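Below is one structure; the comments refer to it alone.
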Amino acid sequence: MGGNICNKKRTHLVSIFFAKSSIITMSSSNKRRRTTTSNNNGTHIKDLPDGILVGISSYLAKPSAVLFALSMTIDSRSTQTSKAIISKHNWNVLDFSDIEKRLASKLRDCEIDTILRSIDAVSNLKILKLGGCVKITGSGLDLLRSSVVIQQIDMSLVGKHEAPTIKREPKLSEDIVLPILDDIISRGRASSLKQLELPKKWRDAQSTDMDDFLARYNGYLRNQRYSCSKCDRVCVETGRNEWIGLQRDEWHGIQNYTCFGCLNHFCYDGDCVDGNGDYYVQLCKKCEKVYCKVCISTSSCSNCYRYACNECEEMKTCEGEDCERTLCVRCFEKKKCYYCKRSRCLRCVGHIECQGKTVCIECNQSRMGRL
Ligand SMILES: [Zn+2]
Ligand SMILES: [Zn+2]
Ligand SMILES: [Zn+2]
Ligand SMILES: [Zn+2]
Ligand SMILES: [Zn+2]
Ligand SMILES: [Zn+2]
């Protein structure tokens, strides 16, 4: 929770900062940078000493900090400023959902490339989350081809606990990105890649190229022999028996056995999950991500048997007496009896559909008795 407040604060500071200094976005033209970085009374943000600029950057979310640093690179002195800012931050993680969507959606491949180069992503970056970067095709990720440190690439293009359906078709291209990913996994056990979140657009399109890649990636992960962080068994021995959904069901293109949050691996053996042996356990029906129980608490719907992170969807409790089973919002509405107005689970009462109305067996029987 503290993190959320902190991020909000940061985002707010960024917007204030950008509003005051008029650095709206990184520009490719130096001339434009010059005109946009001075304010009305002629003072220039670059007139401030490096120490203060570095200090300002520490309040910014990382993507903003690097954009801020890059906006300083006009001459050799300011290049130094930029380097000073960048060296003050740790670049293991770069999460674009930490900045406003409005800003992230403006970034193009050339800017992503510049950002990755300036933070020496090949040596430093372990986690890259592209939330909001809907304009990029993926060519800006080319640098990562040679990375042996990258562990996670999130291309769902949305923030935490958001459904991955994006209104305007995102630009991310299979033709451009899959060869980059192939290069990363071609190094086998020398590569550190642990988790991929693929765009919903690709998962839904189910192209042959995508299916072929999924098979290669599945082989790569199996070969890594990652084992469950709890029982130490190699993960693929339990549950669906595949590391990434290869079949055309709701798991298609979704990585298994790996928590999106902590990147720990887990298996579906008895104690390692919740003991019911159900391997649909951790796939959230809203955000379509897989989390371990330590990172995110989930609830299951006793009607459709699907799961959701508690932060993604608040499940409702069955209105049967002393029943504590939960129902997802959709099933709760579906199980509402037309006559008694109660929503109850299957274990509490049966339902029938009568002339387009849902009626519980109890109400149905008492109405039959009156006839
Ligand atoms: Zn286990
Ligand atoms: Zn986790
Ligand atoms: Zn979720
Ligand atoms: Zn349900
Ligand atoms: Zn009823
Ligand atoms: Zn119930």
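By order in the structure tokens, chains are A, B, ...; within a chain, residues start at 1; ligands start at 1, following the order shown.
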* Would you mind listing the residues within 7 Å of ligand 2, counting only C-alpha atoms and all ligand atoms, as a list in words? => Cys259, Phe260, Gly261, Cys262, Leu263, Asn264, Tyr291, Cys292, Lys293, Val294 and Cys295 of chain A
Please provide the set of residues having any atom within 7 Å of stretch 132-148 of chain A, restricted to only C-alpha atoms, with same-chain residues fewer than 4 positions apart removed, written as a PDB file with N, CA and C atoms, in the first residue's frame.
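Produced file result.pdb, reproduced below:
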ATOM      1  N   PHE A  96       7.398   0.961 -16.836  1.00  0.00           N
ATOM      2  CA  PHE A  96       6.754   2.135 -17.425  1.00  0.00           C
ATOM      3  C   PHE A  96       5.350   2.388 -16.887  1.00  0.00           C
ATOM      4  N   SER A  97       4.795   1.422 -16.166  1.00  0.00           N
ATOM      5  CA  SER A  97       3.476   1.706 -15.577  1.00  0.00           C
ATOM      6  C   SER A  97       3.632   2.586 -14.337  1.00  0.00           C
ATOM      7  N   LYS A 101       0.016   7.043 -17.899  1.00  0.00           N
ATOM      8  CA  LYS A 101      -0.237   6.376 -19.188  1.00  0.00           C
ATOM      9  C   LYS A 101      -0.114   7.349 -20.351  1.00  0.00           C
ATOM     10  N   ALA A 104       3.521   7.507 -21.125  1.00  0.00           N
ATOM     11  CA  ALA A 104       4.058   6.242 -21.656  1.00  0.00           C
ATOM     12  C   ALA A 104       3.547   5.986 -23.071  1.00  0.00           C
ATOM     13  N   SER A 105       2.308   6.401 -23.320  1.00  0.00           N
ATOM     14  CA  SER A 105       1.725   6.116 -24.637  1.00  0.00           C
ATOM     15  C   SER A 105       2.337   6.987 -25.728  1.00  0.00           C
ATOM     16  N   LYS A 106       3.128   7.997 -25.325  1.00  0.00           N
ATOM     17  CA  LYS A 106       3.783   8.850 -26.329  1.00  0.00           C
ATOM     18  C   LYS A 106       5.133   8.306 -26.751  1.00  0.00           C
ATOM     19  N   LEU A 107       5.694   7.402 -25.946  1.00  0.00           N
ATOM     20  CA  LEU A 107       7.046   6.925 -26.228  1.00  0.00           C
ATOM     21  C   LEU A 107       7.081   6.083 -27.496  1.00  0.00           C
ATOM     22  N   ARG A 108       8.091   6.352 -28.319  1.00  0.00           N
ATOM     23  CA  ARG A 108       8.253   5.578 -29.558  1.00  0.00           C
ATOM     24  C   ARG A 108       9.477   4.674 -29.430  1.00  0.00           C
ATOM     25  N   ASP A 109       9.662   3.818 -30.403  1.00  0.00           N
ATOM     26  CA  ASP A 109      10.773   2.865 -30.340  1.00  0.00           C
ATOM     27  C   ASP A 109      12.129   3.546 -30.200  1.00  0.00           C
ATOM     28  N   CYS A 110      12.298   4.670 -30.935  1.00  0.00           N
ATOM     29  CA  CYS A 110      13.598   5.342 -30.871  1.00  0.00           C
ATOM     30  C   CYS A 110      13.888   5.817 -29.447  1.00  0.00           C
ATOM     31  N   ILE A 112      12.597   4.461 -26.633  1.00  0.00           N
ATOM     32  CA  ILE A 112      12.845   3.280 -25.785  1.00  0.00           C
ATOM     33  C   ILE A 112      14.290   2.825 -25.989  1.00  0.00           C
ATOM     34  N   ASP A 113      14.748   2.841 -27.241  1.00  0.00           N
ATOM     35  CA  ASP A 113      16.123   2.450 -27.546  1.00  0.00           C
ATOM     36  C   ASP A 113      17.118   3.363 -26.818  1.00  0.00           C
ATOM     37  N   VAL A 122      21.722  -3.716 -21.260  1.00  0.00           N
ATOM     38  CA  VAL A 122      22.270  -5.053 -21.535  1.00  0.00           C
ATOM     39  C   VAL A 122      22.981  -5.606 -20.289  1.00  0.00           C
ATOM     40  N   SER A 123      23.649  -4.727 -19.540  1.00  0.00           N
ATOM     41  CA  SER A 123      24.350  -5.200 -18.346  1.00  0.00           C
ATOM     42  C   SER A 123      23.495  -5.110 -17.089  1.00  0.00           C
ATOM     43  N   LEU A 157       1.423  -4.605 -21.588  1.00  0.00           N
ATOM     44  CA  LEU A 157       1.177  -3.186 -21.885  1.00  0.00           C
ATOM     45  C   LEU A 157       0.183  -2.504 -20.936  1.00  0.00           C
ATOM     46  N   VAL A 158      -0.132  -3.182 -19.831  1.00  0.00           N
ATOM     47  CA  VAL A 158      -1.036  -2.555 -18.850  1.00  0.00           C
ATOM     48  C   VAL A 158      -0.364  -2.542 -17.479  1.00  0.00           C
ATOM     49  N   PRO A 170      -2.709  -2.168 -29.881  1.00  0.00           N
ATOM     50  CA  PRO A 170      -1.313  -1.799 -29.657  1.00  0.00           C
ATOM     51  C   PRO A 170      -0.449  -2.180 -30.863  1.00  0.00           C
ATOM     52  N   LYS A 171       0.693  -1.472 -31.008  1.00  0.00           N
ATOM     53  CA  LYS A 171       1.527  -1.637 -32.208  1.00  0.00           C
ATOM     54  C   LYS A 171       2.517  -2.802 -32.113  1.00  0.00           C
ATOM     55  N   LEU A 172       2.755  -3.298 -30.918  1.00  0.00           N
ATOM     56  CA  LEU A 172       3.774  -4.316 -30.708  1.00  0.00           C
ATOM     57  C   LEU A 172       3.646  -5.456 -31.734  1.00  0.00           C
ATOM     58  N   SER A 173       4.747  -5.721 -32.443  1.00  0.00           N
ATOM     59  CA  SER A 173       4.677  -6.632 -33.586  1.00  0.00           C
ATOM     60  C   SER A 173       5.407  -7.961 -33.329  1.00  0.00           C
ATOM     61  N   ILE A 176       8.674  -8.377 -35.266  1.00  0.00           N
ATOM     62  CA  ILE A 176       9.847  -7.662 -34.755  1.00  0.00           C
ATOM     63  C   ILE A 176      10.328  -8.252 -33.432  1.00  0.00           C
ATOM     64  N   VAL A 177       9.401  -8.574 -32.549  1.00  0.00           N
ATOM     65  CA  VAL A 177       9.794  -8.960 -31.188  1.00  0.00           C
ATOM     66  C   VAL A 177      10.196 -10.434 -31.061  1.00  0.00           C
ATOM     67  N   ILE A 180      13.805 -11.206 -31.455  1.00  0.00           N
ATOM     68  CA  ILE A 180      14.605 -10.697 -30.327  1.00  0.00           C
ATOM     69  C   ILE A 180      14.534 -11.706 -29.174  1.00  0.00           C
ATOM     70  N   LEU A 181      13.309 -12.172 -28.893  1.00  0.00           N
ATOM     71  CA  LEU A 181      13.126 -13.141 -27.804  1.00  0.00           C
ATOM     72  C   LEU A 181      13.853 -14.445 -28.132  1.00  0.00           C
ATOM     73  N   ASP A 183      16.558 -14.763 -29.822  1.00  0.00           N
ATOM     74  CA  ASP A 183      17.994 -14.592 -29.557  1.00  0.00           C
ATOM     75  C   ASP A 183      18.287 -14.724 -28.064  1.00  0.00           C
ATOM     76  N   ILE A 184      17.403 -14.178 -27.245  1.00  0.00           N
ATOM     77  CA  ILE A 184      17.617 -14.250 -25.786  1.00  0.00           C
ATOM     78  C   ILE A 184      17.605 -15.716 -25.322  1.00  0.00           C
ATOM     79  N   ALA A 190      22.644 -20.159 -20.301  1.00  0.00           N
ATOM     80  CA  ALA A 190      23.416 -18.932 -20.060  1.00  0.00           C
ATOM     81  C   ALA A 190      22.472 -17.737 -19.965  1.00  0.00           C
ATOM     82  N   SER A 191      21.229 -17.919 -20.409  1.00  0.00           N
ATOM     83  CA  SER A 191      20.261 -16.825 -20.340  1.00  0.00           C
ATOM     84  C   SER A 191      19.564 -16.834 -18.987  1.00  0.00           C
ATOM     85  N   SER A 192      19.149 -15.644 -18.531  1.00  0.00           N
ATOM     86  CA  SER A 192      18.487 -15.549 -17.218  1.00  0.00           C
ATOM     87  C   SER A 192      16.977 -15.420 -17.341  1.00  0.00           C
TER      88      SER A 192
END
* Which residues form the shell of 10 Å around ligand 5 when you count only C-alpha atoms and all ligand atoms, given as a list in words? -> Lys335, Lys336, Cys337, Tyr338, Tyr339, Cys340, Lys341, Arg342, Ser343, Arg344, Val349, Gly350, His351, Thr358, Val359, Cys360, Ile361, Glu362, Cys363, Asn364, Gln365 and Ser366 of chain A
Go ahead and dump the residues you just picked, C-alpha atoms, as a PDB file, in the first residue's frame.
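Everything below was put into selection-v3.pdb:
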ATOM      1  CA  LYS A 335     -27.509 -16.925  -9.367  1.00  0.00           C
ATOM      2  CA  LYS A 336     -29.839 -14.236  -8.021  1.00  0.00           C
ATOM      3  CA  CYS A 337     -33.319 -15.778  -7.590  1.00  0.00           C
ATOM      4  CA  TYR A 338     -36.067 -13.784  -9.293  1.00  0.00           C
ATOM      5  CA  TYR A 339     -38.430 -14.312  -6.324  1.00  0.00           C
ATOM      6  CA  CYS A 340     -36.393 -14.343  -3.072  1.00  0.00           C
ATOM      7  CA  LYS A 341     -33.636 -12.077  -4.514  1.00  0.00           C
ATOM      8  CA  ARG A 342     -30.929 -14.143  -2.805  1.00  0.00           C
ATOM      9  CA  SER A 343     -27.732 -15.200  -4.586  1.00  0.00           C
ATOM     10  CA  ARG A 344     -26.683 -18.611  -3.385  1.00  0.00           C
ATOM     11  CA  VAL A 349     -29.473 -24.465  -3.420  1.00  0.00           C
ATOM     12  CA  GLY A 350     -30.148 -25.516  -6.988  1.00  0.00           C
ATOM     13  CA  HIS A 351     -31.544 -23.140  -9.592  1.00  0.00           C
ATOM     14  CA  THR A 358     -33.374 -17.624 -12.582  1.00  0.00           C
ATOM     15  CA  VAL A 359     -35.441 -19.233  -9.831  1.00  0.00           C
ATOM     16  CA  CYS A 360     -34.075 -21.122  -6.830  1.00  0.00           C
ATOM     17  CA  ILE A 361     -35.477 -24.624  -6.229  1.00  0.00           C
ATOM     18  CA  GLU A 362     -36.976 -23.519  -2.887  1.00  0.00           C
ATOM     19  CA  CYS A 363     -39.019 -20.705  -4.421  1.00  0.00           C
ATOM     20  CA  ASN A 364     -39.953 -22.938  -7.317  1.00  0.00           C
ATOM     21  CA  GLN A 365     -41.265 -25.643  -4.984  1.00  0.00           C
ATOM     22  CA  SER A 366     -43.258 -23.265  -2.806  1.00  0.00           C
TER      23      SER A 366
END
How close does chain A get to ligand 4? List, as a tab-separated table, each residue of chain A within 6 Å, its nearest atom pair and the distance in Å to one decimal, counting only C-alpha atoms and all ligand atoms.
residue	atom	partner	partner_atom_place_in_ligand_line	distance
A:Cys301	CA	ligand 4	1 (Zn)	4.6
A:Asn303	CA	ligand 4	1 (Zn)	5.1
A:Cys304	CA	ligand 4	1 (Zn)	4.1
A:Leu327	CA	ligand 4	1 (Zn)	5.4
A:Cys328	CA	ligand 4	1 (Zn)	4.2
A:Arg330	CA	ligand 4	1 (Zn)	5.9
A:Cys331	CA	ligand 4	1 (Zn)	4.3
Can I get the residues of stretch 248-351 of chain A within 10 Å of stretch 199-219 of chain A, each with the closest pair of atoms and their distance in Å to one decimal, using only C-alpha atoms, sorted chain first then ascending number, as CSV?
residue,atom,partner,partner_atom,distance
A:Arg248,CA,A:Gln206,CA,8.1
A:Glu250,CA,A:Arg203,CA,9.4
A:Trp251,CA,A:Arg203,CA,9.1
A:His252,CA,A:Arg203,CA,6.3
A:Gly253,CA,A:Arg203,CA,5.5
A:Ile254,CA,A:Arg203,CA,8.1
A:Gln255,CA,A:Asn218,CA,8.9
A:Asn256,CA,A:Asn218,CA,9.9
A:Glu288,CA,A:Lys200,CA,9.1
* Contacts of ligand 6, 7 Å or closer, only C-alpha atoms and all ligand atoms, given as a list in words ->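 What falls inside 7 Å of ligand 6 is Cys318, Glu319, Gly320, Cys323, Glu324, Arg325, Arg344, Cys345, Leu346, Arg347 and Cys348 of chain A.
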* To do: Have a look at A:Thr326, A:Gln247, A:Ser186, A:Thr73 and name the one nearest to A:Ser302; count only C-alpha atoms.
  => A:Thr326
* Could you give me the residues within 7 Å of ligand 3, counting only C-alpha atoms and all ligand atoms, as number ranges by chain? => A: 161, 284-289, 308-309, 311-312
Could you build a table of the residues in chain A lying no more than 10 Å from ligand 1, giving for each the nearest pair of atoms and their separation in Å rounded to one decimal place, using only C-alpha atoms and all ligand atoms, ordered by chain and ascending residue number, as CSV?
residue,atom,partner,partner_atom_place_in_ligand_line,distance
A:Ser227,CA,ligand 1,1 (Zn),7.7
A:Cys228,CA,ligand 1,1 (Zn),4.6
A:Ser229,CA,ligand 1,1 (Zn),6.6
A:Lys230,CA,ligand 1,1 (Zn),5.0
A:Cys231,CA,ligand 1,1 (Zn),4.0
A:Asp232,CA,ligand 1,1 (Zn),6.1
A:Arg233,CA,ligand 1,1 (Zn),5.9
A:Val234,CA,ligand 1,1 (Zn),8.1
A:Cys235,CA,ligand 1,1 (Zn),7.1
A:Glu237,CA,ligand 1,1 (Zn),9.6
A:Thr238,CA,ligand 1,1 (Zn),8.6
A:Tyr257,CA,ligand 1,1 (Zn),9.5
A:His265,CA,ligand 1,1 (Zn),8.4
A:Phe266,CA,ligand 1,1 (Zn),5.4
A:Cys267,CA,ligand 1,1 (Zn),4.2
A:Tyr268,CA,ligand 1,1 (Zn),6.3
A:Asp269,CA,ligand 1,1 (Zn),5.4
A:Gly270,CA,ligand 1,1 (Zn),7.8
A:Asp271,CA,ligand 1,1 (Zn),7.2
A:Cys272,CA,ligand 1,1 (Zn),4.6
A:Val273,CA,ligand 1,1 (Zn),7.8
* **strand (DSSP E or B) per DSSP on the backbone: members of stretch 26-240 of chain A, as a PyMOL selection string** => chain A and resi 38+44+93-95+127-129+152-154+195-197+227+234
The selected residues should be written to file as a tab-separated table (two decimals), in the first residue's frame (atoms: all heavy atoms).
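What landed in result-v5.tsv:
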chain	number	residue	atom	x	y	z
A	38	SER	N	13.37	26.31	-20.83
A	38	SER	CA	13.50	27.55	-20.05
A	38	SER	C	12.09	28.10	-19.79
A	38	SER	O	11.18	27.89	-20.56
A	38	SER	CB	14.34	28.57	-20.80
A	38	SER	OG	13.89	28.69	-22.12
A	44	HIS	N	17.00	28.98	-16.62
A	44	HIS	CA	17.04	27.70	-17.30
A	44	HIS	C	17.23	26.61	-16.27
A	44	HIS	O	18.04	26.75	-15.36
A	44	HIS	CB	18.23	27.73	-18.27
A	44	HIS	CG	18.09	26.76	-19.38
A	44	HIS	ND1	18.28	25.42	-19.18
A	44	HIS	CD2	17.77	26.95	-20.69
A	44	HIS	CE1	18.10	24.82	-20.34
A	44	HIS	NE2	17.78	25.72	-21.26
A	93	VAL	N	15.36	-2.63	-12.48
A	93	VAL	CA	13.95	-2.69	-12.84
A	93	VAL	C	13.55	-1.40	-13.55
A	93	VAL	O	13.89	-0.31	-13.09
A	93	VAL	CB	13.07	-2.82	-11.57
A	93	VAL	CG1	11.59	-2.93	-11.95
A	93	VAL	CG2	13.49	-4.03	-10.74
A	94	LEU	N	12.85	-1.52	-14.66
A	94	LEU	CA	12.30	-0.35	-15.34
A	94	LEU	C	10.84	-0.65	-15.65
A	94	LEU	O	10.54	-1.54	-16.44
A	94	LEU	CB	13.09	-0.08	-16.63
A	94	LEU	CG	12.78	1.23	-17.36
A	94	LEU	CD1	13.11	2.44	-16.49
A	94	LEU	CD2	13.58	1.32	-18.66
A	95	ASP	N	9.96	0.06	-14.95
A	95	ASP	CA	8.52	-0.25	-15.07
A	95	ASP	C	7.80	1.00	-15.58
A	95	ASP	O	7.63	1.97	-14.84
A	95	ASP	CB	7.98	-0.68	-13.71
A	95	ASP	CG	6.51	-1.08	-13.77
A	95	ASP	OD1	5.87	-0.87	-14.83
A	95	ASP	OD2	6.00	-1.59	-12.75
A	127	ILE	N	14.41	-6.56	-15.06
A	127	ILE	CA	12.95	-6.57	-15.21
A	127	ILE	C	12.50	-5.37	-16.03
A	127	ILE	O	12.78	-4.23	-15.67
A	127	ILE	CB	12.28	-6.57	-13.81
A	127	ILE	CG1	12.62	-7.87	-13.08
A	127	ILE	CG2	10.76	-6.39	-13.93
A	127	ILE	CD1	12.19	-7.91	-11.64
A	128	LEU	N	11.83	-5.66	-17.13
A	128	LEU	CA	11.31	-4.59	-17.98
A	128	LEU	C	9.80	-4.76	-18.11
A	128	LEU	O	9.33	-5.80	-18.55
A	128	LEU	CB	11.97	-4.63	-19.36
A	128	LEU	CG	11.42	-3.64	-20.40
A	128	LEU	CD1	11.66	-2.19	-19.97
A	128	LEU	CD2	12.04	-3.88	-21.77
A	129	LYS	N	9.06	-3.73	-17.69
A	129	LYS	CA	7.61	-3.77	-17.82
A	129	LYS	C	7.17	-2.59	-18.68
A	129	LYS	O	7.47	-1.45	-18.36
A	129	LYS	CB	6.95	-3.71	-16.43
A	129	LYS	CG	7.32	-4.94	-15.59
A	129	LYS	CD	6.56	-5.00	-14.29
A	129	LYS	CE	6.94	-6.29	-13.56
A	129	LYS	NZ	6.19	-6.49	-12.33
A	152	GLN	N	12.77	-10.80	-16.82
A	152	GLN	CA	11.33	-10.70	-17.07
A	152	GLN	C	11.05	-9.58	-18.06
A	152	GLN	O	11.58	-8.47	-17.92
A	152	GLN	CB	10.61	-10.39	-15.75
A	152	GLN	CG	9.10	-10.26	-15.89
A	152	GLN	CD	8.40	-9.95	-14.56
A	152	GLN	OE1	8.95	-9.23	-13.73
A	152	GLN	NE2	7.21	-10.48	-14.38
A	153	ILE	N	10.22	-9.87	-19.04
A	153	ILE	CA	9.75	-8.83	-19.97
A	153	ILE	C	8.22	-8.89	-19.96
A	153	ILE	O	7.64	-9.91	-20.34
A	153	ILE	CB	10.29	-9.02	-21.40
A	153	ILE	CG1	11.83	-9.17	-21.39
A	153	ILE	CG2	9.89	-7.83	-22.29
A	153	ILE	CD1	12.44	-9.51	-22.75
A	154	ASP	N	7.64	-7.82	-19.50
A	154	ASP	CA	6.17	-7.76	-19.44
A	154	ASP	C	5.67	-6.93	-20.62
A	154	ASP	O	5.85	-5.72	-20.65
A	154	ASP	CB	5.73	-7.15	-18.10
A	154	ASP	CG	4.23	-6.87	-18.06
A	154	ASP	OD1	3.51	-7.40	-18.91
A	154	ASP	OD2	3.81	-6.12	-17.16
A	195	GLN	N	10.55	-15.14	-17.03
A	195	GLN	CA	9.11	-14.92	-17.20
A	195	GLN	C	8.82	-13.96	-18.33
A	195	GLN	O	9.44	-12.91	-18.46
A	195	GLN	CB	8.53	-14.35	-15.88
A	195	GLN	CG	7.05	-14.68	-15.64
A	195	GLN	CD	6.09	-13.62	-16.19
A	195	GLN	OE1	6.50	-12.52	-16.51
A	195	GLN	NE2	4.82	-13.95	-16.30
A	196	LEU	N	7.87	-14.35	-19.17
A	196	LEU	CA	7.42	-13.49	-20.27
A	196	LEU	C	5.93	-13.28	-20.15
A	196	LEU	O	5.18	-14.22	-19.92
A	196	LEU	CB	7.66	-14.20	-21.61
A	196	LEU	CG	8.99	-14.05	-22.33
A	196	LEU	CD1	8.89	-14.75	-23.68
A	196	LEU	CD2	9.39	-12.60	-22.51
A	197	GLU	N	5.53	-12.07	-20.32
A	197	GLU	CA	4.10	-11.76	-20.37
A	197	GLU	C	3.85	-11.27	-21.79
A	197	GLU	O	4.39	-10.24	-22.20
A	197	GLU	CB	3.80	-10.67	-19.34
A	197	GLU	CG	2.41	-10.64	-18.81
A	197	GLU	CD	2.01	-11.90	-18.06
A	197	GLU	OE1	2.73	-12.35	-17.16
A	197	GLU	OE2	0.93	-12.43	-18.40
A	227	SER	N	13.18	-25.09	-10.47
A	227	SER	CA	12.38	-25.94	-9.58
A	227	SER	C	11.55	-25.11	-8.61
A	227	SER	O	11.79	-23.92	-8.40
A	227	SER	CB	13.29	-26.92	-8.84
A	227	SER	OG	14.32	-26.22	-8.22
A	234	VAL	N	11.42	-30.22	-9.76
A	234	VAL	CA	11.37	-29.53	-11.04
A	234	VAL	C	9.89	-29.35	-11.42
A	234	VAL	O	9.10	-30.28	-11.37
A	234	VAL	CB	12.14	-30.33	-12.12
A	234	VAL	CG1	11.96	-29.69	-13.48
A	234	VAL	CG2	13.62	-30.38	-11.76
* To do: Record the distance separating atom CA of A:Thr258 and atom CA of A:Ile185, expressed in Å with one decimal.
  =>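 Separation of atom CA of A:Thr258 and atom CA of A:Ile185: 16.6 Å.
You will find atom CA of A:Arg189 at 12.2 Å from atom CA of A:Gln151.
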* Suppose you want the space between atom CA of A:Ile166 and atom CA of A:Phe332; what is it in Å? -> 26.3 Å
* Do you know which residues are at most 8 Å from A:Trp91 counting only C-alpha atoms, after dropping those on the same chain fewer than 5 positions away, and could you put them as an NGL selection string? -> :A and (119 or 121 or 124-125)
